[in-house]
Protein chains: 2
Amino acid sequence: MTATNGNRSGRRPGRSGTREAILDAARVRFGEVGFDKASIRSIATAASVDPALVHHYFGTKQELFTAALEFPIDPQVVLTQIADAPLDQLGETIVRAVLTVWDTPIGVQAVAAFRTLIASGDPALVRAFMLEIVLKDVRARVDSPPGSGTKRSVLAASQLAGLLVTRKILQIEPIASTPIEELVATVGPTLQRYLTGDLPGA
Amino acid sequence: MTATNGNRSGRRPGRSGTREAILDAARVRFGEVGFDKASIRSIATAASVDPALVHHYFGTKQELFTAALEFPIDPQVVLTQIADAPLDQLGETIVRAVLTVWDTPIGVQAVAAFRTLIASGDPALVRAFMLEIVLKDVRARVDSPPGSGTKRSVLAASQLAGLLVTRKILQIEPIASTPIEELVATVGPTLQRYLTGDLPGA
């Protein structure tokens with residue numbers, strides 16, 4: 001969620017200016033050094049506010065990042081569903097979880113946000129969001145041989161991004177209306193091979 | 001190519017207005033009825049010009065379509081390379097041809113055009129472009145069992161679209177700089193399975 005914490009009454013003018021200043025500083029910082037290395041403190045300093053105010057407005061650093069990206073859903077909701085999947089069912093579990101969330105009301109907003117990010121988002125910000133939040137847990141689980149985890153997870157992300165483009169953005173039939181479980185059986189093996197199969201150069 | 005035929009000298013004012021009127025009519029018509037069913041004659045009528053003028057300005061119907069989409073490359077250039085590939089090498093041939101053209105100067109423009117189409121293009125126009133031009137030949141070749149060709153070719157397109165997003169638009173490493181032949185060996189089998197393998201529901 002893009003948290004808008006705090007009540008609106010009794011605040012002095014300038015609050016929304018402060019909020020925007022924090023978001024601007026966060027976008028710059030996350031884009032420059034990535035999610036892990038950007039501290040709430042450094043963002044607060046750049047925005048000339050107290051770090052406590054950043055937490056007050058936005059919650060955790062990850063919540064601040066999704067707010068900075070104007071991304072309407074906390075990726076953790078999907079990542080939690082994937083975390084418990086056995087390694088040999090990771091491909092189909094990811095396809096099922098992602099396709100299911102796309103069809104929810106908040107998923108529709110997420111699809112729209114991704115469309116905007118593809119079109120005009122800061123590539124450095126989007127890369128950090130993908131690598132350090134969306135793909136982080138999976139990448140660690142599939143890092144075999146060591147060092148191959150990033151390539152494996154980005155390949156999996158490429159197939160999901162393409163499904164997003166064809167099914168939800170361009171809405172090309174029959175993929176736009178193929179039942180989720182059929183796509184799980186069709187595309188799941190692709191992700192499974194990318195994540196745990198023998199790959200050239202991996 | 002978005003042809004701009006005809007010499008610029010000695011024409012009366014209004015030429016560029018006529019050209020735009022033809023393109024506008026083409027966008028409406030292709031979006032409404034698709035590429036195959038939209039005739040040059042009906043587009044000319046909608047633009048209140050003679051059909052010969054449409055041919056004079058834009059060449060063939062396919063050239064008119066790529067001009068209407070503001071797409072900088074004639075897809076035929078790539079499709080010709082793919083047409084001669086044996087069926088069992090279709091996957092890797094397509095990946096190689098598409099990745100190679102993306103790295104050419106005109107391919108860079110095509111990537112930018114696709115980014116715009118994904119972000120703000122008329123989905124009906126883009127769908128018609130994909131189904132009736134880009135995927136047409138391949139779809140006919142992989143239509144086994146009969147009726148499965150569209151699903152097969154759209155699945156293949158989904159993986160290519162995702163590769164476009166990750167490699168060229170978001171430029172996520174290591175996929176952004178993986179050598180073409182390694183990606184051919186990695187992603188080619190995905191396309192091959194979609195195009196000729198056993199698929200659920202196909």
# chains A, B, ... in the order shown; residues from 1 in each chain; ligands from 1

$ closest_atom_pairs --of "chain A" --to "chain B" --cutoff "7 Å" --atoms "only C-alpha atoms" --output "CSV"
residue,atom,partner,partner_atom,distance
A:Arg115,CA,B:Ala119,CA,5.9
A:Thr116,CA,B:Ala119,CA,6.6
A:Ala119,CA,B:Ala119,CA,5.2
A:Pro123,CA,B:Leu170,CA,5.2
A:Arg127,CA,B:Ile172,CA,6.1
A:Lys151,CA,B:Pro174,CA,5.9
A:Ser158,CA,B:Gly162,CA,4.3
A:Gln159,CA,B:Gln159,CA,5.0
A:Leu160,CA,B:Gly162,CA,6.9
A:Ala161,CA,B:Gly162,CA,4.8
A:Gly162,CA,B:Gly162,CA,3.6
A:Leu163,CA,B:Ser158,CA,5.3
A:Thr166,CA,B:Ser158,CA,5.8
A:Leu170,CA,B:Pro123,CA,5.2
A:Ile172,CA,B:Arg127,CA,6.1
A:Pro174,CA,B:Lys151,CA,5.9
A:Ile175,CA,B:Lys151,CA,6.6
A:Glu182,CA,B:Pro200,CA,6.4
A:Ala185,CA,B:Pro200,CA,6.6
A:Thr186,CA,B:Leu199,CA,6.1
A:Thr190,CA,B:Thr190,CA,6.2
A:Leu199,CA,B:Thr186,CA,6.1
A:Pro200,CA,B:Thr186,CA,6.2

$ calpha_fit_and_write --fixed "chain B" --moving "chain A" --output "compact mmCIF listing (two decimals) with C-alpha atoms, in the first residue's frame"
# COMPACT_ATOMS: atom_id res chain seq x y z
CA MET A 1 10.02 1.93 -42.99
CA THR A 2 7.50 4.69 -42.44
CA ALA A 3 7.60 5.72 -46.07
CA THR A 4 7.50 9.40 -46.87
CA ASN A 5 7.34 8.98 -50.62
CA GLY A 6 7.10 11.75 -53.17
CA ASN A 7 9.28 14.78 -53.58
CA ARG A 8 8.67 17.77 -51.41
CA SER A 9 8.96 20.44 -54.07
CA GLY A 10 6.19 21.77 -56.26
CA ARG A 11 3.37 20.44 -54.12
CA ARG A 12 0.49 22.58 -53.12
CA PRO A 13 -0.09 23.27 -49.42
CA GLY A 14 -2.25 20.74 -47.61
CA ARG A 15 -0.19 17.68 -48.48
CA SER A 16 0.81 17.00 -44.88
CA GLY A 17 -2.82 17.51 -43.85
CA THR A 18 -3.86 14.89 -46.40
CA ARG A 19 -1.15 12.54 -45.20
CA GLU A 20 -2.29 12.91 -41.59
CA ALA A 21 -5.93 12.43 -42.60
CA ILE A 22 -4.99 9.14 -44.28
CA LEU A 23 -3.03 7.99 -41.22
CA ASP A 24 -5.89 8.92 -38.90
CA ALA A 25 -8.38 7.04 -41.06
CA ALA A 26 -6.01 4.05 -41.21
CA ARG A 27 -5.66 3.96 -37.41
CA VAL A 28 -9.43 3.99 -36.95
CA ARG A 29 -10.05 1.37 -39.64
CA PHE A 30 -7.26 -1.01 -38.65
CA GLY A 31 -8.33 -0.69 -35.02
CA GLU A 32 -11.98 -1.38 -35.85
CA VAL A 33 -11.77 -4.31 -38.27
CA GLY A 34 -8.12 -5.44 -38.18
CA PHE A 35 -5.48 -5.49 -40.88
CA ASP A 36 -6.94 -8.09 -43.22
CA LYS A 37 -10.43 -6.62 -43.41
CA ALA A 38 -9.40 -2.98 -43.68
CA SER A 39 -9.15 -2.09 -47.37
CA ILE A 40 -7.09 0.73 -48.82
CA ARG A 41 -10.31 1.80 -50.54
CA SER A 42 -12.26 2.10 -47.27
CA ILE A 43 -9.42 4.06 -45.68
CA ALA A 44 -9.23 6.36 -48.70
CA THR A 45 -12.99 6.92 -48.55
CA ALA A 46 -12.83 7.76 -44.84
CA ALA A 47 -10.02 10.23 -45.55
CA SER A 48 -11.85 11.67 -48.58
CA VAL A 49 -8.98 10.96 -50.98
CA ASP A 50 -8.40 8.73 -53.98
CA PRO A 51 -7.04 5.23 -53.16
CA ALA A 52 -4.17 5.88 -55.60
CA LEU A 53 -3.01 8.71 -53.35
CA VAL A 54 -2.82 6.32 -50.37
CA HIS A 55 -0.57 4.00 -52.37
CA HIS A 56 1.44 6.96 -53.60
CA TYR A 57 2.15 8.23 -50.09
CA PHE A 58 2.52 4.95 -48.23
CA GLY A 59 3.12 2.05 -50.64
CA THR A 60 1.55 -1.26 -49.64
CA LYS A 61 -1.17 -1.77 -47.04
CA GLN A 62 1.39 -3.26 -44.67
CA GLU A 63 3.62 -0.21 -45.09
CA LEU A 64 0.60 1.99 -44.37
CA PHE A 65 -0.04 -0.01 -41.18
CA THR A 66 3.52 0.33 -39.88
CA ALA A 67 3.31 4.06 -40.70
CA ALA A 68 -0.02 4.33 -38.85
CA LEU A 69 1.58 2.67 -35.82
CA GLU A 70 4.61 4.96 -36.21
CA PHE A 71 6.62 1.76 -36.22
CA PRO A 72 10.07 2.41 -37.71
CA ILE A 73 10.84 -0.97 -39.24
CA ASP A 74 9.11 -3.22 -41.72
CA PRO A 75 8.52 -6.48 -39.80
CA GLN A 76 9.01 -8.31 -43.09
CA VAL A 77 12.78 -7.85 -42.69
CA VAL A 78 12.78 -10.16 -39.67
CA LEU A 79 9.96 -12.41 -40.86
CA THR A 80 11.90 -13.32 -44.00
CA GLN A 81 14.81 -14.60 -41.92
CA ILE A 82 12.43 -16.79 -39.94
CA ALA A 83 10.46 -18.14 -42.89
CA ASP A 84 13.17 -20.55 -44.04
CA ALA A 85 13.93 -22.07 -40.61
CA PRO A 86 13.09 -25.76 -40.17
CA LEU A 87 10.19 -26.27 -37.76
CA ASP A 88 12.40 -27.87 -35.12
CA GLN A 89 14.73 -24.85 -35.11
CA LEU A 90 12.02 -22.20 -35.09
CA GLY A 91 12.51 -21.26 -31.42
CA GLU A 92 16.19 -20.48 -31.58
CA THR A 93 15.92 -18.92 -35.06
CA ILE A 94 13.27 -16.46 -33.85
CA VAL A 95 15.20 -15.54 -30.70
CA ARG A 96 18.40 -14.99 -32.71
CA ALA A 97 16.67 -12.90 -35.41
CA VAL A 98 14.75 -10.73 -32.95
CA LEU A 99 17.64 -10.13 -30.53
CA THR A 100 19.94 -9.30 -33.45
CA VAL A 101 17.59 -6.70 -34.92
CA TRP A 102 17.09 -5.04 -31.51
CA ASP A 103 20.80 -4.20 -31.45
CA THR A 104 20.79 -2.48 -34.84
CA PRO A 105 20.25 1.31 -35.08
CA ILE A 106 16.78 0.81 -36.52
CA GLY A 107 16.10 -1.84 -33.89
CA VAL A 108 16.71 0.76 -31.20
CA GLN A 109 13.94 2.84 -32.75
CA ALA A 110 11.72 -0.24 -32.92
CA VAL A 111 12.29 -0.89 -29.21
CA ALA A 112 11.35 2.72 -28.45
CA ALA A 113 8.25 2.39 -30.63
CA PHE A 114 7.22 -0.79 -28.83
CA ARG A 115 7.68 0.92 -25.51
CA THR A 116 5.32 3.66 -26.65
CA LEU A 117 2.83 1.11 -28.00
CA ILE A 118 2.85 -0.77 -24.68
CA ALA A 119 2.38 2.46 -22.76
CA SER A 120 -0.14 4.37 -24.79
CA GLY A 121 -0.87 2.62 -28.06
CA ASP A 122 -4.41 1.69 -29.02
CA PRO A 123 -4.57 -1.96 -27.83
CA ALA A 124 -6.81 -2.95 -30.76
CA LEU A 125 -4.28 -1.59 -33.26
CA VAL A 126 -1.35 -3.26 -31.52
CA ARG A 127 -3.24 -6.56 -31.32
CA ALA A 128 -4.00 -6.44 -35.05
CA PHE A 129 -0.37 -5.63 -35.78
CA MET A 130 0.82 -8.57 -33.66
CA LEU A 131 -1.71 -11.14 -34.87
CA GLU A 132 -2.12 -10.25 -38.51
CA ILE A 133 1.43 -9.21 -39.41
CA VAL A 134 4.08 -10.17 -36.87
CA LEU A 135 2.72 -13.59 -35.90
CA LYS A 136 0.81 -14.52 -39.04
CA ASP A 137 3.34 -16.75 -40.83
CA VAL A 138 4.57 -18.51 -37.69
CA ARG A 139 1.02 -19.10 -36.48
CA ALA A 140 0.14 -20.92 -39.69
CA ARG A 141 3.25 -23.11 -39.43
CA VAL A 142 2.66 -24.21 -35.83
CA ASP A 143 -1.11 -24.79 -36.04
CA SER A 144 -0.92 -28.39 -34.87
CA PRO A 145 -3.35 -29.59 -33.63
CA PRO A 146 -5.47 -27.28 -35.80
CA GLY A 147 -6.63 -24.24 -33.85
CA SER A 148 -3.63 -24.14 -31.50
CA GLY A 149 -1.49 -21.87 -33.68
CA THR A 150 -2.65 -18.58 -32.22
CA LYS A 151 -2.12 -19.67 -28.63
CA ARG A 152 1.31 -21.10 -29.49
CA SER A 153 2.50 -17.98 -31.28
CA VAL A 154 1.13 -15.57 -28.65
CA LEU A 155 2.91 -17.56 -25.92
CA ALA A 156 6.14 -17.24 -27.91
CA ALA A 157 5.46 -13.51 -28.33
CA SER A 158 4.93 -13.20 -24.57
CA GLN A 159 8.46 -14.48 -23.86
CA LEU A 160 9.93 -12.15 -26.48
CA ALA A 161 7.97 -9.19 -25.11
CA GLY A 162 9.33 -9.96 -21.65
CA LEU A 163 12.86 -10.17 -22.99
CA LEU A 164 12.31 -6.80 -24.62
CA VAL A 165 11.17 -5.32 -21.30
CA THR A 166 14.00 -6.78 -19.19
CA ARG A 167 16.90 -6.59 -21.68
CA LYS A 168 16.20 -3.41 -23.65
CA ILE A 169 13.73 -1.25 -21.73
CA LEU A 170 14.59 -1.82 -18.06
CA GLN A 171 18.08 -3.13 -18.96
CA ILE A 172 18.32 -5.48 -16.00
CA GLU A 173 21.66 -7.28 -15.65
CA PRO A 174 22.89 -9.86 -16.38
CA ILE A 175 20.20 -10.28 -19.09
CA ALA A 176 20.87 -6.82 -20.55
CA SER A 177 24.38 -7.86 -21.60
CA THR A 178 24.11 -11.63 -21.99
CA PRO A 179 25.56 -12.57 -25.41
CA ILE A 180 22.90 -13.25 -28.03
CA GLU A 181 23.97 -16.87 -28.60
CA GLU A 182 23.70 -17.65 -24.88
CA LEU A 183 20.17 -16.24 -24.83
CA VAL A 184 19.39 -18.22 -27.98
CA ALA A 185 20.38 -21.40 -26.11
CA THR A 186 18.55 -20.31 -22.94
CA VAL A 187 15.30 -18.89 -24.29
CA GLY A 188 15.14 -20.70 -27.65
CA PRO A 189 13.89 -23.94 -25.98
CA THR A 190 11.08 -21.98 -24.30
CA LEU A 191 9.81 -20.72 -27.65
CA GLN A 192 10.32 -24.14 -29.24
CA ARG A 193 8.14 -25.79 -26.60
CA TYR A 194 5.42 -23.16 -26.96
CA LEU A 195 5.49 -23.49 -30.76
CA THR A 196 5.75 -27.25 -31.26
CA GLY A 197 5.66 -29.00 -27.87
CA ASP A 198 2.83 -30.69 -26.02
CA LEU A 199 0.87 -27.99 -24.23
CA PRO A 200 -2.09 -28.30 -21.88
CA GLY A 201 -5.25 -27.39 -23.74
CA ALA A 202 -3.52 -27.29 -27.13

$ select_by_dssp --residues "chain A" --states "alpha helix (DSSP H)" --output "MDAnalysis selection string"
chainID A and resid 15:37 40:46 51:58 61:68 76:83 90:102 105:120 123:129 136:141 149:163 180:196
